[in-house]
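Novice: Sharing a structure, written as structure tokens. Questions coming.
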Amino acid sequence: MGLATIDIVVVVFYAIGIFALAQWVSRSKAGEEKDTTDYFLASRSLPWWAIGASLIAANISAEQIVGMSGSGYAIGLAIASYEWMAALTLLIVGKYFLPIFLRNGIYTMPQFLEQRFGSRIRTLMAVFWLAIYVFVNLTSITWLGSIAVNRVAGVNQDVALVALGGFALFYQFWGGLKAVALTDIVQVTLLVMGGLLVSGITLNELGGDAGIVGGFSTLVERLPGHFDMILSKESPHYMSLPGISVLVGGMWIANLSYWGFNQYIIQRALAAKSIAEAQKGVVFAAYLKLLMPVIVVLPGIAAVMLAPGLEKPDQAYPTMMRYLPTGILGLVFSALVAAIVASTASKINSVATIFTLDLYAKFKPAPGAPAQGGDISDPAVDEVGNPAQAARERELVRVGRISAVAATGIALLTARPLVGQSEQAFQFIQEFTGFFTPGITAMFLIGLFWKRGTEAGALAAAVASVVLSWVGFQFFPGLPFLDRMGLVFLASLGLAVVVSLMTPQRAETNLIVTRDVSFATTPSFNFASLGVILILIALYTTWW
């Protein structure tokens, strides 16, 4: 399979157009240079539509499109719970987490941990997140993206790997988060259009004269097991999606950690011009998440009938693209590349943000600042307008760009040995990160909602999460990983509470202000949230 000339023209037009748009929307005014707030937080000026689109663009990439289609091929519609439960999680994040983060001017998750618990935990978690983003997230996105490019366009996979990573790097290199976020509405529009085209054409292929509706009916009739949302213990895939636990168990831990405390996701909302705009953005993203299974799971289910016997499930989505006519193939291929580039660029920018602001600025503070300083708002930094401050801002932006290049290079070199052997990369990511997410979730929930929590308690939760997850993995291999995550979360949370009560609470380490935070939301937010909940009830009632 390859691209015709017209398809290549469409792809080239997309690449040039989106690159030019990214540079234009993030341009500086004459005589001005980018500072850290502009480069890492888009000047805290993002509107709701940019926040919602950017949340999805950062989330939906190769591991979703290629990986979840592969899981749809192997498991079925049940894998869509990751998308549909995420919609509900976004509402919780918007109502209860964002008001606290935005009230306190948070710009990185390690910074929140320092202001809430102390400096040691900030450094520990900054190093941890950098490792995860580089060696798990960036590697998986670029590797799965290279699979798709290889199968659709016939490009050598190593060449595709380098091309995708390089384009994503330079796409955001000069403009930072603003370049990514303000162009993501274009990326998401292309993604949704392209995904719907793939689903529509493959269903039409199955339906024949009965069209798309007939194709869907054929799938439901011929593959009933692929439309079970709640898997029974007899299912061969119960270990991946353990029945009712999907709705009330460990998936909540994964979703709260990912959507609420994950830097490259929450960074978009932290850059909002106001709390109202941030909340509108997450509701917009929630509705887009409801639509995602049509785009990323349904083609994989269709591939069971149209392309049985694939060597690996992750080949399902690229294989379905062969049904697209010339010209349309170029458009859909551009949508796939758009998803990969947007998500990769988001993660690269977040790596640069954490490395620069949480590590470099901390251990190499501005002249006259204490060694533990380095925050954008550090009072030890000279006043805005001072030449020394301007020089410091240029230095931090430069370090951010250098760290972005380094992170991308490392990810490209390690993608094949780390991810290349996994048959279902999406499941690989979930199971690997599942060792850490229970502790992260416990740590942040205590930090947000329990003033008595201490740094020792938070660190105990983090350590317990890894240790208990390893014990569960080694000695209870029959325990589904989502159930393991739920149990480890409860144990880590309990340990954090006990340790916190046993250790002294130092008032000076808790700088997070919550006394004047309001969790009240607008009628429009409440009405839109109710709509999401009713749709979810209808979906699970229909496909139970």
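Each chain of the structure tokens is named A, B, ... in the order shown, its residues numbered from 1; ligands are numbered from 1 in display order.
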Got a sec: who's within 10 Å of Ala148 in chain A, counting only C-alpha atoms, leaving out chain neighbours fewer than 6 positions off, as a list of chain:residue names?
Specialist: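 Listing them by chain and then by number gives A:Ala62, A:Ile65, A:Val66, A:Thr142, A:Gly154, A:Val155, A:Gln157, A:Ala160, A:Asp314, A:Gln315, A:Ala316, A:Tyr317, A:Pro318, A:Thr319, A:Met321, A:Phe333, A:Leu336, A:Val337.
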Novice: Using only C-alpha atoms, I'd like a table of the residues in range 49-148 of chain A that come within 12 Å of range 355-367 of chain A; for each, show the closest atom pair and its distance in Å rounded to one decimal, ordered by chain and ascending number, as CSV.
Specialist:
```
residue,atom,partner,partner_atom,distance
A:Ile106,CA,A:Leu357,CA,11.8
A:Tyr107,CA,A:Leu357,CA,9.2
A:Thr108,CA,A:Asp358,CA,7.8
A:Met109,CA,A:Asp358,CA,9.3
A:Pro110,CA,A:Asp358,CA,6.7
A:Gln111,CA,A:Asp358,CA,6.8
A:Phe112,CA,A:Asp358,CA,10.5
A:Leu113,CA,A:Asp358,CA,10.8
A:Glu114,CA,A:Asp358,CA,9.7
A:Ser119,CA,A:Lys362,CA,9.6
A:Arg120,CA,A:Asp358,CA,11.2
A:Ile121,CA,A:Asp358,CA,10.9
A:Arg122,CA,A:Asp358,CA,7.2
A:Thr123,CA,A:Leu359,CA,6.8
A:Leu124,CA,A:Leu359,CA,9.9
A:Met125,CA,A:Asp358,CA,9.5
A:Ala126,CA,A:Asp358,CA,6.5
A:Val127,CA,A:Phe355,CA,8.2
A:Phe128,CA,A:Phe355,CA,11.0
A:Trp129,CA,A:Phe355,CA,9.6
A:Leu130,CA,A:Phe355,CA,7.4
A:Ala131,CA,A:Phe355,CA,10.8
A:Tyr133,CA,A:Phe355,CA,11.4
A:Val134,CA,A:Phe355,CA,11.6
```
Novice: Counting only C-alpha atoms, what are the residues of range 327-354 of chain A within 8 Å of range 264-277 of chain A, and for each of them which pair of atoms is the nearest and at what distance in Å, to one decimal? Sort the table by chain and rising number, as a tab-separated table.
Specialist:
```
residue	atom	partner	partner_atom	distance
A:Ser346	CA	A:Tyr264	CA	6.1
A:Lys347	CA	A:Tyr264	CA	5.6
A:Asn349	CA	A:Tyr264	CA	7.8
A:Ser350	CA	A:Tyr264	CA	5.2
```
Novice: Quote the spacing between CA of Tyr14 in chain A and CA of Ala338 in chain A in Å to one decimal place.
Specialist: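 Rounded to one decimal, the two atoms are 8.5 Å apart.
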Novice: Rank nothing, just name the residue among A:Ala415, A:Val332, A:Ala78, A:Val282 nearest to Ser232 in chain A, using only C-alpha atoms.
Specialist: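 Nearest candidate to Ser232 in chain A out of A:Ala415, A:Val332, A:Ala78, A:Val282: A:Ala78.
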